[in-house]
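target_0.txt (compact mmCIF, C-alpha atoms)
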```
# COMPACT_ATOMS: atom_id res chain seq x y z
CA MET A 193 47.50 8.78 2.92
CA ARG A 194 45.49 8.33 -0.25
CA ILE A 195 44.00 11.12 -2.35
CA ILE A 196 40.72 10.61 -4.25
CA LYS A 197 39.59 13.27 -6.72
CA ASP A 198 36.08 14.65 -6.28
CA THR A 199 35.43 14.10 -10.00
CA ASP A 200 36.15 10.37 -9.60
CA ILE A 201 33.55 10.21 -6.82
CA LYS A 202 31.04 12.18 -8.88
CA ASN A 203 31.49 9.96 -11.95
CA ALA A 204 31.24 6.77 -9.90
CA ILE A 205 28.02 7.94 -8.22
CA LYS A 206 26.48 8.93 -11.55
CA ALA A 207 27.24 5.53 -13.10
CA LEU A 208 25.99 3.69 -9.99
CA PHE A 209 22.61 5.40 -9.88
CA ILE A 210 21.90 4.95 -13.59
CA SER A 211 22.78 1.26 -13.53
CA LEU A 212 21.07 0.41 -10.24
CA ASN A 213 17.84 1.98 -11.46
CA CYS A 214 17.81 -0.09 -14.65
CA GLU A 215 19.37 -3.38 -13.56
CA ILE A 216 17.90 -5.44 -10.73
CA GLY A 217 20.29 -7.68 -8.77
CA ASP A 218 20.59 -11.37 -9.64
CA ASP A 219 19.50 -12.20 -6.07
CA ILE A 220 16.08 -10.60 -6.67
CA THR A 221 15.71 -12.28 -10.07
CA THR A 222 16.44 -15.66 -8.45
CA ALA A 223 13.99 -14.98 -5.61
CA LEU A 224 11.19 -13.96 -8.02
CA THR A 225 11.91 -17.00 -10.23
CA ASN A 226 11.76 -19.32 -7.21
CA ALA A 227 8.49 -17.67 -6.11
CA LEU A 228 6.97 -18.33 -9.54
CA LYS A 229 7.69 -22.07 -9.10
CA ILE A 230 5.78 -22.32 -5.80
CA GLU A 231 2.77 -20.08 -6.53
CA GLU A 232 -0.44 -21.90 -7.46
CA SER A 233 -2.96 -19.16 -8.34
CA ASP A 234 -3.10 -17.82 -11.89
CA THR A 235 -3.09 -14.21 -10.61
CA ALA A 236 0.04 -14.67 -8.49
CA LYS A 237 1.83 -16.39 -11.37
CA ALA A 238 0.73 -13.66 -13.80
CA VAL A 239 2.01 -10.90 -11.49
CA LEU A 240 5.41 -12.56 -10.98
CA THR A 241 5.74 -13.19 -14.72
CA GLN A 242 4.98 -9.49 -15.36
CA LEU A 243 7.65 -8.46 -12.84
CA LEU A 244 10.30 -10.73 -14.38
CA THR A 245 9.40 -9.48 -17.88
CA ASN A 246 9.45 -5.89 -16.64
CA ASN A 247 12.94 -6.27 -15.17
CA LYS A 248 14.20 -7.86 -18.40
CA ILE A 249 12.82 -4.95 -20.49
CA ALA A 250 14.39 -2.42 -18.10
CA ARG A 251 17.82 -4.06 -18.37
CA GLU A 252 17.71 -4.49 -22.15
CA GLU A 253 16.43 -0.99 -22.91
CA GLN A 254 18.32 0.68 -20.05
CA ILE A 255 15.16 2.28 -18.68
CA PRO A 256 14.18 2.40 -14.99
CA ILE A 257 12.58 -0.71 -13.47
CA CYS A 258 10.05 1.53 -11.71
CA GLN A 259 8.93 5.10 -12.37
CA ASP A 260 9.60 5.84 -8.70
CA THR A 261 13.37 6.13 -8.98
CA GLY A 262 13.29 7.14 -5.34
CA MET A 263 15.46 9.22 -3.09
CA ALA A 264 19.19 8.61 -3.48
CA ILE A 265 20.70 6.98 -0.38
CA LEU A 266 24.38 6.24 0.21
CA PHE A 267 26.33 4.32 2.84
CA VAL A 268 29.97 5.32 2.57
CA GLU A 269 32.86 3.60 4.34
CA TYR A 270 35.31 6.47 4.44
CA GLY A 271 38.88 5.42 5.30
CA ASP A 272 40.62 7.68 7.80
CA LYS A 273 43.72 7.73 5.56
CA VAL A 274 41.72 9.04 2.60
CA VAL A 275 41.61 12.70 1.63
CA VAL A 276 39.10 13.85 -0.95
CA ASP A 277 40.58 16.45 -3.28
CA GLY A 278 37.56 18.76 -3.44
CA ASP A 279 34.17 18.73 -1.72
CA PHE A 280 32.85 15.24 -0.90
CA THR A 281 29.19 16.17 -0.31
CA LYS A 282 29.09 18.35 -3.42
CA ALA A 283 30.65 15.53 -5.49
CA VAL A 284 27.95 13.11 -4.31
CA ASN A 285 25.11 15.52 -5.08
CA ASP A 286 26.62 16.44 -8.46
CA GLY A 287 26.78 12.72 -9.30
CA VAL A 288 23.15 12.21 -8.26
CA ARG A 289 22.06 15.30 -10.22
CA GLU A 290 23.79 14.14 -13.42
CA ALA A 291 22.45 10.58 -13.04
CA TYR A 292 18.85 11.72 -12.61
CA ILE A 293 19.00 14.27 -15.44
CA ASP A 294 21.16 12.43 -18.00
CA GLY A 295 19.76 9.00 -17.07
CA TYR A 296 16.08 9.95 -17.58
CA LEU A 297 15.26 9.14 -13.95
CA ARG A 298 12.30 10.73 -12.17
CA LYS A 299 12.94 13.72 -9.94
CA SER A 300 10.98 12.97 -6.79
CA VAL A 301 12.44 15.27 -4.13
CA VAL A 302 10.68 18.36 -2.75
CA ASP A 303 12.67 21.05 -0.94
CA ASP A 304 10.38 21.45 2.06
CA PRO A 305 8.23 18.66 3.56
CA VAL A 306 5.31 20.73 4.81
CA PHE A 307 5.03 24.23 3.38
CA ASP A 308 6.54 24.74 -0.09
CA ARG A 309 6.84 21.15 -1.35
CA LYS A 310 8.64 22.52 -4.42
CA ASN A 311 10.44 19.93 -6.57
CA THR A 312 14.22 20.43 -6.57
CA ASN A 313 14.14 19.14 -10.18
CA ASP A 314 17.40 17.20 -9.90
CA ASN A 315 16.58 14.67 -7.14
CA THR A 316 19.09 16.22 -4.74
CA PRO A 317 19.94 16.29 -1.93
CA ALA A 318 21.05 12.69 -1.46
CA VAL A 319 20.82 11.06 1.96
CA ILE A 320 24.42 10.28 2.94
CA HIS A 321 25.47 7.99 5.81
CA THR A 322 29.24 8.01 6.32
CA ARG A 323 31.19 5.73 8.61
CA ILE A 324 34.84 6.46 9.29
CA VAL A 325 36.84 3.22 8.98
CA SER A 326 40.51 2.54 9.47
CA GLY A 327 42.84 2.70 6.46
CA GLU A 328 42.57 3.70 2.82
CA THR A 329 39.21 2.08 2.00
CA PHE A 330 36.59 4.12 0.16
CA LYS A 331 33.49 2.00 -0.38
CA ILE A 332 30.13 3.32 -1.55
CA THR A 333 26.90 1.34 -1.29
CA ALA A 334 24.16 3.24 -3.10
CA GLY A 335 20.48 2.63 -3.46
CA CYS A 336 17.31 4.36 -4.54
CA LYS A 337 14.26 4.06 -2.32
CA GLY A 338 10.72 4.44 -3.56
CA PHE A 339 8.24 5.87 -1.09
CA GLY A 340 5.30 3.53 -1.68
CA SER A 341 7.18 1.16 0.60
CA GLU A 342 9.04 3.79 2.63
CA ASN A 343 5.66 5.15 3.79
CA MET A 344 4.79 1.72 5.24
CA SER A 345 7.88 1.60 7.50
CA LYS A 346 7.86 2.07 11.29
CA THR A 347 10.12 2.42 14.32
CA LYS A 348 9.12 1.53 17.89
CA MET A 349 10.87 1.51 21.27
CA LEU A 350 10.05 -1.74 23.12
CA ALA A 351 10.64 -2.49 26.78
CA PRO A 352 13.24 -5.22 27.42
CA SER A 353 10.47 -7.37 28.90
CA ALA A 354 8.87 -7.55 25.42
CA GLY A 355 11.77 -9.79 24.35
CA VAL A 356 11.96 -11.62 21.05
CA GLU A 357 8.17 -12.11 21.03
CA GLY A 358 7.70 -8.34 21.14
CA VAL A 359 10.13 -7.92 18.25
CA LYS A 360 8.30 -10.54 16.18
CA ASP A 361 4.86 -9.02 16.95
CA PHE A 362 5.99 -5.54 15.86
CA VAL A 363 7.61 -6.72 12.61
CA LEU A 364 4.59 -8.84 11.67
CA GLU A 365 2.08 -6.14 12.61
CA THR A 366 3.97 -3.60 10.46
CA VAL A 367 4.01 -5.93 7.45
CA ARG A 368 0.34 -6.91 7.92
CA THR A 369 -0.76 -3.26 8.14
CA ALA A 370 1.25 -2.42 5.00
CA GLY A 371 -0.66 -5.14 3.12
CA PRO A 372 -0.72 -4.58 -0.64
CA ASN A 373 0.61 -0.99 -0.55
CA PRO A 374 4.42 -1.44 -0.58
CA CYS A 375 4.47 -3.50 -3.83
CA PRO A 376 4.89 -7.04 -2.51
CA PRO A 377 6.70 -9.40 -2.59
CA ILE A 378 8.68 -7.13 -0.29
CA VAL A 379 12.17 -7.02 1.18
CA VAL A 380 11.97 -6.45 4.95
CA GLY A 381 14.87 -4.66 6.64
CA VAL A 382 14.87 -4.83 10.44
CA GLY A 383 17.16 -2.86 12.74
CA ILE A 384 17.21 -3.99 16.37
CA GLY A 385 19.01 -2.22 19.20
CA GLY A 386 21.14 0.91 19.32
CA THR A 387 19.19 4.14 19.70
CA PHE A 388 16.03 5.46 18.04
CA GLU A 389 17.86 6.74 14.95
CA GLN A 390 20.45 3.99 14.85
CA ALA A 391 17.75 1.31 14.62
CA SER A 392 16.23 3.09 11.62
CA VAL A 393 19.57 3.43 9.85
CA MET A 394 20.32 -0.27 10.48
CA ALA A 395 16.91 -1.20 9.06
CA LYS A 396 17.69 0.74 5.89
CA LYS A 397 21.12 -0.86 5.67
CA ALA A 398 19.46 -4.28 6.04
CA THR A 399 17.33 -3.60 2.93
CA PHE A 400 20.60 -3.04 1.03
CA ARG A 401 21.78 -6.55 1.89
CA ARG A 402 21.35 -9.32 -0.69
CA ALA A 403 18.09 -11.28 -0.61
CA ASP A 404 20.06 -14.54 -0.31
CA SER A 405 22.22 -13.36 2.60
CA GLU A 406 21.72 -14.14 6.29
CA ASN A 407 22.85 -12.66 9.58
CA ALA A 408 26.21 -14.05 10.75
CA ASP A 409 24.75 -14.77 14.22
CA LYS A 410 22.71 -17.97 13.96
CA ARG A 411 20.07 -16.74 16.43
CA TYR A 412 19.34 -13.71 14.24
CA ALA A 413 19.56 -15.81 11.04
CA ASP A 414 16.94 -18.17 12.52
CA LEU A 415 14.78 -15.18 13.46
CA GLU A 416 15.05 -13.90 9.85
CA GLN A 417 13.81 -17.26 8.56
CA GLU A 418 11.02 -17.52 11.13
CA LEU A 419 9.73 -14.02 10.34
CA LEU A 420 9.91 -14.73 6.57
CA ASN A 421 7.84 -17.89 7.02
CA SER A 422 5.24 -16.04 9.15
CA ILE A 423 4.99 -13.21 6.60
CA ASN A 424 4.51 -15.63 3.72
CA GLU A 425 1.73 -17.37 5.66
CA MET A 426 -0.22 -14.06 5.73
CA GLY A 427 -1.35 -14.63 2.13
CA ILE A 428 -0.79 -11.03 0.99
CA GLY A 429 0.90 -12.39 -2.15
CA PRO A 430 2.43 -10.73 -5.22
CA ALA A 431 0.92 -7.23 -5.74
CA GLY A 432 -1.25 -7.91 -2.68
CA LEU A 433 -3.62 -10.00 -4.79
CA GLY A 434 -3.13 -13.16 -2.72
CA GLY A 435 -0.56 -15.93 -2.80
CA LYS A 436 2.29 -17.63 -1.01
CA THR A 437 4.97 -15.00 -1.64
CA SER A 438 4.47 -11.84 0.40
CA ALA A 439 8.19 -11.25 1.10
CA LEU A 440 11.39 -12.30 -0.65
CA CYS A 441 13.57 -12.00 2.46
CA VAL A 442 13.84 -10.60 5.98
CA ASN A 443 17.25 -9.10 6.77
CA ILE A 444 18.11 -8.17 10.36
CA GLU A 445 20.93 -5.96 11.61
CA TYR A 446 21.50 -5.49 15.34
CA ALA A 447 23.61 -3.39 17.71
CA PRO A 448 24.22 -2.99 21.47
CA THR A 449 21.54 -0.93 23.20
CA HIS A 450 20.57 0.65 26.54
CA ILE A 451 19.54 -1.41 29.61
CA ALA A 452 16.06 0.14 29.36
CA SER A 453 15.12 -0.61 25.74
CA ILE A 454 14.82 -2.73 22.60
CA PRO A 455 14.53 -0.26 19.73
CA VAL A 456 13.06 -1.95 16.63
CA ALA A 457 12.82 -0.40 13.15
CA VAL A 458 11.11 -2.04 10.19
CA ASN A 459 12.03 -0.60 6.81
CA ILE A 460 9.92 -2.10 4.06
CA CYS A 461 11.25 -2.17 0.50
CA CYS A 462 9.32 -3.18 -2.63
CA HIS A 463 10.34 -6.12 -4.84
CA ALA A 464 12.47 -3.66 -6.83
CA ALA A 465 15.18 -3.54 -4.15
CA ARG A 466 17.74 -1.50 -6.06
CA HIS A 467 21.24 -1.11 -4.65
CA LYS A 468 24.87 -1.51 -5.77
CA SER A 469 28.31 -1.15 -4.25
CA ILE A 470 31.62 0.10 -5.60
CA GLU A 471 35.06 0.49 -4.08
CA LEU A 472 37.19 3.38 -5.29
CA MET B 231 -8.58 -14.92 -19.99
CA SER B 232 -8.58 -11.16 -19.86
CA ILE B 233 -11.66 -9.06 -20.66
CA LYS B 234 -10.98 -6.44 -23.34
CA LEU B 235 -12.54 -3.05 -22.56
CA THR B 236 -12.66 0.28 -24.37
CA LEU B 237 -12.26 3.62 -22.59
CA PRO B 238 -14.30 5.63 -21.77
CA LEU B 239 -16.14 2.74 -20.10
CA LYS B 240 -19.87 2.26 -20.58
CA LYS B 241 -22.00 1.90 -17.43
CA GLU B 242 -23.23 -1.52 -18.60
CA ASP B 243 -19.63 -2.71 -19.07
CA ILE B 244 -18.73 -1.59 -15.54
CA LYS B 245 -21.72 -3.48 -14.05
CA LYS B 246 -20.49 -6.76 -15.55
CA LEU B 247 -17.03 -6.51 -13.94
CA LYS B 248 -16.29 -8.58 -10.83
CA ALA B 249 -13.47 -8.03 -8.33
CA GLY B 250 -10.54 -10.20 -9.40
CA ASP B 251 -11.27 -10.08 -13.16
CA SER B 252 -8.27 -9.48 -15.42
CA VAL B 253 -8.86 -6.75 -17.98
CA LEU B 254 -7.02 -5.14 -20.89
CA LEU B 255 -7.92 -1.46 -21.26
CA SER B 256 -7.70 0.43 -24.57
CA GLY B 257 -8.56 4.06 -25.30
CA GLU B 258 -7.97 7.41 -23.61
CA LEU B 259 -7.50 8.21 -19.94
CA TYR B 260 -6.25 11.08 -17.79
CA THR B 261 -3.34 10.95 -15.34
CA ALA B 262 -3.42 12.63 -11.93
CA ARG B 263 -1.74 11.89 -8.60
CA ASP B 264 -1.31 13.65 -5.24
CA ALA B 265 -0.64 17.28 -6.21
CA ALA B 266 -3.15 17.38 -9.12
CA HIS B 267 -5.84 15.85 -6.90
CA LYS B 268 -5.23 18.49 -4.26
CA ARG B 269 -5.65 21.19 -6.90
CA PHE B 270 -8.89 19.63 -8.22
CA TYR B 271 -10.22 19.48 -4.66
CA ASP B 272 -9.28 23.06 -3.83
CA MET B 273 -10.71 24.36 -7.13
CA VAL B 274 -14.09 22.68 -6.58
CA ASN B 275 -14.22 23.93 -2.99
CA ASN B 276 -13.50 27.44 -4.26
CA GLY B 277 -16.38 27.17 -6.75
CA GLU B 278 -14.08 27.04 -9.80
CA SER B 279 -14.61 24.64 -12.69
CA LEU B 280 -12.00 21.93 -13.34
CA PRO B 281 -9.68 22.12 -16.36
CA ILE B 282 -10.88 18.62 -17.39
CA ASN B 283 -14.39 17.17 -17.48
CA VAL B 284 -14.15 13.99 -15.40
CA GLU B 285 -17.59 12.68 -16.38
CA ASN B 286 -17.36 9.05 -17.60
CA GLU B 287 -13.57 9.35 -17.60
CA THR B 288 -10.81 7.19 -16.14
CA ILE B 289 -8.00 8.59 -13.99
CA TYR B 290 -4.68 6.76 -13.71
CA TYR B 291 -2.61 7.50 -10.58
CA VAL B 292 0.86 7.84 -12.10
CA GLY B 293 3.90 10.08 -12.19
CA PRO B 294 6.09 8.71 -14.98
CA ALA B 295 9.85 8.85 -15.37
CA PRO B 296 11.02 11.04 -18.28
CA ALA B 297 10.94 9.50 -21.77
CA LYS B 298 14.26 8.66 -23.42
CA PRO B 299 14.65 10.02 -26.96
CA ASN B 300 12.43 8.05 -29.41
CA PHE B 301 10.31 6.62 -26.58
CA VAL B 302 6.60 7.58 -26.28
CA ILE B 303 6.93 7.73 -22.51
CA GLY B 304 9.21 6.67 -19.66
CA PRO B 305 8.36 3.91 -17.17
CA ALA B 306 4.85 4.62 -15.86
CA GLY B 307 3.54 2.24 -13.19
CA PRO B 308 0.78 2.95 -10.67
CA THR B 309 1.33 4.80 -7.39
CA SER B 310 -0.43 3.92 -4.08
CA SER B 311 -4.08 4.92 -4.31
CA TYR B 312 -4.87 5.48 -0.62
CA ARG B 313 -3.24 8.92 -0.79
CA MET B 314 -5.99 10.02 -3.19
CA ASP B 315 -8.82 8.75 -0.92
CA LYS B 316 -9.49 12.19 0.57
CA TYR B 317 -10.24 13.63 -2.89
CA THR B 318 -11.83 10.66 -4.65
CA PRO B 319 -15.49 10.66 -3.42
CA MET B 320 -15.87 14.23 -4.75
CA LEU B 321 -14.58 13.23 -8.20
CA LEU B 322 -16.78 10.11 -8.28
CA ASP B 323 -19.82 12.23 -7.40
CA MET B 324 -18.87 14.50 -10.33
CA GLY B 325 -19.16 11.50 -12.65
CA LEU B 326 -15.69 9.91 -12.71
CA SER B 327 -16.15 6.31 -13.88
CA ALA B 328 -12.91 4.54 -13.13
CA MET B 329 -9.58 4.82 -11.38
CA ILE B 330 -6.36 2.89 -11.88
CA GLY B 331 -3.82 2.64 -9.06
CA LYS B 332 -2.57 0.08 -6.57
CA GLY B 333 -3.50 -0.95 -3.04
CA GLU B 334 -6.46 -0.50 -0.74
CA ARG B 335 -9.11 2.27 -0.65
CA ASN B 336 -10.98 3.48 2.42
CA ASP B 337 -14.66 2.93 3.17
CA GLU B 338 -15.66 6.39 1.94
CA VAL B 339 -14.19 5.64 -1.49
CA ILE B 340 -15.83 2.21 -1.63
CA LYS B 341 -19.22 3.76 -0.76
CA ALA B 342 -18.76 6.40 -3.47
CA ILE B 343 -17.83 3.68 -6.00
CA VAL B 344 -21.08 1.80 -5.22
CA ARG B 345 -23.17 5.00 -5.13
CA ASN B 346 -21.96 6.00 -8.60
CA GLY B 347 -21.62 2.60 -10.27
CA ALA B 348 -17.89 3.13 -10.76
CA VAL B 349 -14.90 0.75 -10.71
CA TYR B 350 -11.37 0.73 -9.29
CA PHE B 351 -8.64 -1.12 -11.16
CA ALA B 352 -5.23 -2.18 -9.85
CA ALA B 353 -2.22 -2.16 -12.12
CA ILE B 354 0.89 -4.05 -11.03
CA GLY B 355 3.16 -1.87 -8.89
CA GLY B 356 6.75 -1.94 -10.05
CA ALA B 357 5.93 -3.19 -13.56
CA ALA B 358 6.54 0.32 -14.89
CA ALA B 359 8.80 -0.50 -17.84
CA LEU B 360 6.35 -3.16 -19.03
CA ILE B 361 3.28 -0.93 -18.58
CA SER B 362 4.94 1.87 -20.58
CA LYS B 363 4.76 -0.43 -23.63
CA SER B 364 0.96 -0.26 -23.55
CA ILE B 365 0.93 3.57 -23.64
CA VAL B 366 0.90 4.57 -27.29
CA LYS B 367 0.35 8.33 -27.00
CA ASP B 368 1.04 10.96 -24.33
CA GLU B 369 -0.30 14.54 -24.44
CA PRO B 370 0.09 17.18 -21.71
CA VAL B 371 -3.26 18.62 -20.50
CA CYS B 372 -2.80 20.98 -17.52
CA PHE B 373 -0.79 21.88 -14.38
CA GLU B 374 2.48 21.66 -16.30
CA ASP B 375 4.29 23.31 -13.38
CA LEU B 376 3.76 20.07 -11.42
CA GLY B 377 6.28 18.22 -13.60
CA THR B 378 5.83 14.46 -13.25
CA GLU B 379 2.61 15.19 -11.29
CA SER B 380 1.04 17.23 -14.12
CA VAL B 381 -2.16 16.01 -15.79
CA HIS B 382 -1.69 14.19 -19.10
CA LYS B 383 -3.95 12.32 -21.49
CA TYR B 384 -2.66 8.86 -22.42
CA THR B 385 -3.89 6.67 -25.22
CA VAL B 386 -3.44 3.08 -24.03
CA LYS B 387 -3.65 -0.23 -25.84
CA ASP B 388 -4.25 -3.45 -23.90
CA PHE B 389 -3.17 -1.96 -20.56
CA PRO B 390 -3.24 -4.97 -18.15
CA CYS B 391 -5.20 -4.39 -14.90
CA ILE B 392 -7.15 -6.33 -12.29
CA VAL B 393 -10.62 -5.26 -11.08
CA ALA B 394 -9.77 -4.39 -7.46
CA ILE B 395 -13.14 -2.95 -6.34
CA ASP B 396 -16.19 -3.63 -8.49
CA SER B 397 -19.39 -1.53 -8.75
CA MET B 398 -21.02 -3.62 -6.01
CA GLY B 399 -18.21 -2.77 -3.60
CA ASN B 400 -16.52 -6.18 -3.66
CA ASP B 401 -12.87 -5.64 -2.78
CA VAL B 402 -10.13 -7.97 -4.00
CA TYR B 403 -7.88 -6.92 -1.08
CA LYS B 404 -10.48 -8.02 1.51
CA ARG B 405 -10.94 -11.56 0.25
```

Let me see the structure of the file written as structure tokens.
Amino acid sequence: MRIIKDTDIKNAIKALFISLNCEIGDDITTALTNALKIEESDTAKAVLTQLLTNNKIAREEQIPICQDTGMAILFVEYGDKVVVDGDFTKAVNDGVREAYIDGYLRKSVVDDPVFDRKNTNDNTPAVIHTRIVSGETFKITAGCKGFGSENMSKTKMLAPSAGVEGVKDFVLETVRTAGPNPCPPIVVGVGIGGTFEQASVMAKKATFRRADSENADKRYADLEQELLNSINEMGIGPAGLGGKTSALCVNIEYAPTHIASIPVAVNICCHAARHKSIEL
Amino acid sequence: MSIKLTLPLKKEDIKKLKAGDSVLLSGELYTARDAAHKRFYDMVNNGESLPINVENETIYYVGPAPAKPNFVIGPAGPTSSYRMDKYTPMLLDMGLSAMIGKGERNDEVIKAIVRNGAVYFAAIGGAAALISKSIVKDEPVCFEDLGTESVHKYTVKDFPCIVAIDSMGNDVYKR
């Protein structure tokens, strides 16, 4: 058995959220730099140059990449031999609160979605997905999700007869409808299979994968590449102003599902795909 | 080459702009996003006068992050404009000249832009840290209880934008 103090969790979460909001991953920098090399229009080149400059300023001055510092989302691999000394959920929310207040991040959470819509003023509560794993592991993958792109995301239950063509049609239709709104070039997370909610969670998890990663199953890796090519042929382009780079990557996660369905979720993320992992 | 423009915009300047033009805006503008727009809309429908005169003014759809000590403002990039579409024709008919945001507008907004000889600019979504460098002054104006959604007056210098919908209704997103 391993004991982890709640204060260690809180401090780790605080540090993670401040740094992930100010420092974009090297995978995104590489993808944007590669996009700049293939774009031909002056507008597309100007947009990509602005984004690379923006991310450099954010890192150097330790200010957020985007004013929408999002909702705080965590995927936690919680070892079954780990005991948290204190309250785990409270530690996470205390870490988020301190990060958003002390780190000059925007507070974007309202307490009630329909009636009050009153800002909680500390960006809590965080959205926490825990998975119990065997052993003493305690791994946190954290990200912040802006809602310009979150609002463009969709989940649909397909019939098995729709097959891979149905999956492709739904992903492409979702991206085409989103157009310029989700701050392209986008990161596309796709969850296929499981249940209604499981597909959505997998799609979110897929957006937290590196832009240069691919699915371990070659069939899904090929599907990722095919969808990416089709999206980039749409011509949406950087900032939606036209060009060859509409998406930086398509990441697919899949799971076993029911004999009667192919659940498909498409979670769209902007070019500022901000996430980091830490193991305690 | 970018076209340098001074805010508030003159009607003759707006007429010359074509969808796709790059511009650098300098001068004063107001900020307002979802919650402030809803309040404007409700106030007008209740027969109340607005706390700001929108005539000939520019509204920037933004909710900035807090400023660090010694910074004028925190990162302040555009938010998606379509969420303001419900409220925008009313403001354009009251004399609003220009809007800055990102993404598409609906047909009602485009018609109101043409009817009033207005213009819609797009700033680059996600370039918030960079854009904050072109904001040289930030003053609170009203609705302070809305926090990041409150209305402010910014003084901007060479704020980079693209003409997204010009006064003739040409739309850069529909090309």

Find the residues around segment 297-306 of chain A up to 10 Å (all atoms listed in the file counted), leave out those fewer than 3 positions away in its own chain, and share them as number ranges by chain.
A: 209-210, 213-214, 255-256, 258-264, 289-294, 309-318, 338-339; B: 293-298, 304-305, 377-379

Tell me, as an MDAnalysis selection string, which residues lie within 8 Å of segment 430-440 of chain A, counting all atoms listed in the file; anything in the same chain fewer than 3 positions away does not count.
(chainID A and resid 220 223:224 227 230:233 235:236 239:240 371:373 375:380 403 420 423:427 463) or (chainID B and resid 333 354:355 402:403)

Residues near Val458 of chain A, cut-off 8 Å, only C-alpha atoms, skip fewer than 5 positions along chain, as an MDAnalysis selection string
chainID A and resid 345:347 363 366 380:383 392 395

Mind writing the picked residues with C-alpha atoms as a compact mmCIF listing (two decimals), in the coordinates of the input?
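Listed below is the output, part38.txt:
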```txt
# COMPACT_ATOMS: atom_id res chain seq x y z
CA SER A 345 7.88 1.60 7.50
CA LYS A 346 7.86 2.07 11.29
CA THR A 347 10.12 2.42 14.32
CA VAL A 363 7.61 -6.72 12.61
CA THR A 366 3.97 -3.60 10.46
CA VAL A 380 11.97 -6.45 4.95
CA GLY A 381 14.87 -4.66 6.64
CA VAL A 382 14.87 -4.83 10.44
CA GLY A 383 17.16 -2.86 12.74
CA SER A 392 16.23 3.09 11.62
CA ALA A 395 16.91 -1.20 9.06
```

One decimal, Å: what's the distance from atom CA of Ser327 of chain B over to atom CA of Tyr384 of chain B, could you say?
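Computing it gives 16.2 Å between the two atoms.
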
Smallest atom-to-atom distance to Lys273 of chain A: which of A:Gly287, A:Leu228, A:Leu243, A:Ile195, using all atoms listed in the file?
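Checking each of A:Gly287, A:Leu228, A:Leu243, A:Ile195 against Lys273 of chain A, counting all atoms listed in the file, the winner is A:Ile195.
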
Looking at all atoms listed in the file, which of B:Asn283, B:Ser311, B:Thr288, B:Ser256 is the one that sits closest to chain A?
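For chain A, the nearest of the given residues is B:Ser311.
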
Atom CA of Ile384 of chain A and atom CA of Ala351 of chain A, how far apart in Å?
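These atoms are spaced 12.4 Å apart.
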
In Å to one decimal, how far is atom CA of Gly355 of chain A from atom CA of Leu419 of chain A?
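Interatomic distance, atom CA of Leu419 of chain A to atom CA of Gly355 of chain A: 14.8 Å.
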
Please check which residues have atoms at most 12 Å from (-1.5, 21.6, -16.8) in the file's coordinates, counting only C-alpha atoms, and write them as a list in words.
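I get Tyr260, Thr261, Ala262, Ala265, Ala266, Arg269, Phe270, Leu280, Pro281, Ile282, Glu369, Pro370, Val371, Cys372, Phe373, Glu374, Asp375, Leu376, Gly377, Thr378, Glu379, Ser380, Val381, His382 and Lys383 of chain B for the residues within 12 Å of that point.
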
So, with all atoms listed in the file as the atoms that count, which of A:Met193, A:Asn246, A:Ser453, A:Glu252 lies closest to Gly356 of chain B?
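Under the stated criterion, the closest residue is A:Asn246.
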
Set the distance at 10 Å and use only C-alpha atoms: which residues neighbour Phe362 of chain A once local chain neighbours fewer than 2 positions away are removed? I'd like the list as a list in words.
Lys346, Thr347, Lys348, Leu350, Val356, Glu357, Gly358, Val359, Lys360, Leu364, Glu365, Thr366, Val367, Arg368, Val456, Ala457 and Val458 of chain A

Selected residue of minimal separation from chain A among B:Ile303, B:Ala328, B:Val284, B:Ile365, counting only C-alpha atoms
B:Ile303

Rank B:His267, B:Lys341, B:Lys332, B:Lys241 by their smallest atom-to-atom distance to Met314 of chain B, using only C-alpha atoms, and report the top residue only.
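Nearest to Met314 of chain B: B:His267.
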
Nearest residue to chain B from the set A:Gly385, A:Val325, A:Gly429, A:Val275 (distances using all atoms listed in the file):
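That would be A:Gly429, the residue with the smallest distance to chain B.
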
Add whatever atoms are absent from segment 330-336 of chain A to reach N, CA and C atoms, and provide the output as a PDB file, keeping the file's coordinate frame.
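Saved file result_4.pdb follows:
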```pdb
ATOM      1  N   PHE A 330      37.650   3.160   0.480  1.00  0.00           N
ATOM      2  CA  PHE A 330      36.590   4.120   0.160  1.00  0.00           C
ATOM      3  C   PHE A 330      35.508   3.341  -0.576  1.00  0.00           C
ATOM      4  N   LYS A 331      34.518   2.869   0.190  1.00  0.00           N
ATOM      5  CA  LYS A 331      33.490   2.000  -0.380  1.00  0.00           C
ATOM      6  C   LYS A 331      32.125   2.684  -0.323  1.00  0.00           C
ATOM      7  N   ILE A 332      31.458   2.695  -1.473  1.00  0.00           N
ATOM      8  CA  ILE A 332      30.130   3.320  -1.550  1.00  0.00           C
ATOM      9  C   ILE A 332      29.089   2.246  -1.838  1.00  0.00           C
ATOM     10  N   THR A 333      28.070   2.170  -0.991  1.00  0.00           N
ATOM     11  CA  THR A 333      26.900   1.340  -1.290  1.00  0.00           C
ATOM     12  C   THR A 333      25.751   2.317  -1.526  1.00  0.00           C
ATOM     13  N   ALA A 334      25.199   2.279  -2.734  1.00  0.00           N
ATOM     14  CA  ALA A 334      24.160   3.240  -3.100  1.00  0.00           C
ATOM     15  C   ALA A 334      22.865   2.522  -3.400  1.00  0.00           C
ATOM     16  N   GLY A 335      21.777   3.193  -3.131  1.00  0.00           N
ATOM     17  CA  GLY A 335      20.480   2.630  -3.460  1.00  0.00           C
ATOM     18  C   GLY A 335      19.470   3.732  -3.699  1.00  0.00           C
ATOM     19  N   CYS A 336      18.384   3.386  -4.388  1.00  0.00           N
ATOM     20  CA  CYS A 336      17.310   4.360  -4.540  1.00  0.00           C
ATOM     21  C   CYS A 336      16.098   3.770  -3.851  1.00  0.00           C
TER      22      CYS A 336
END
```
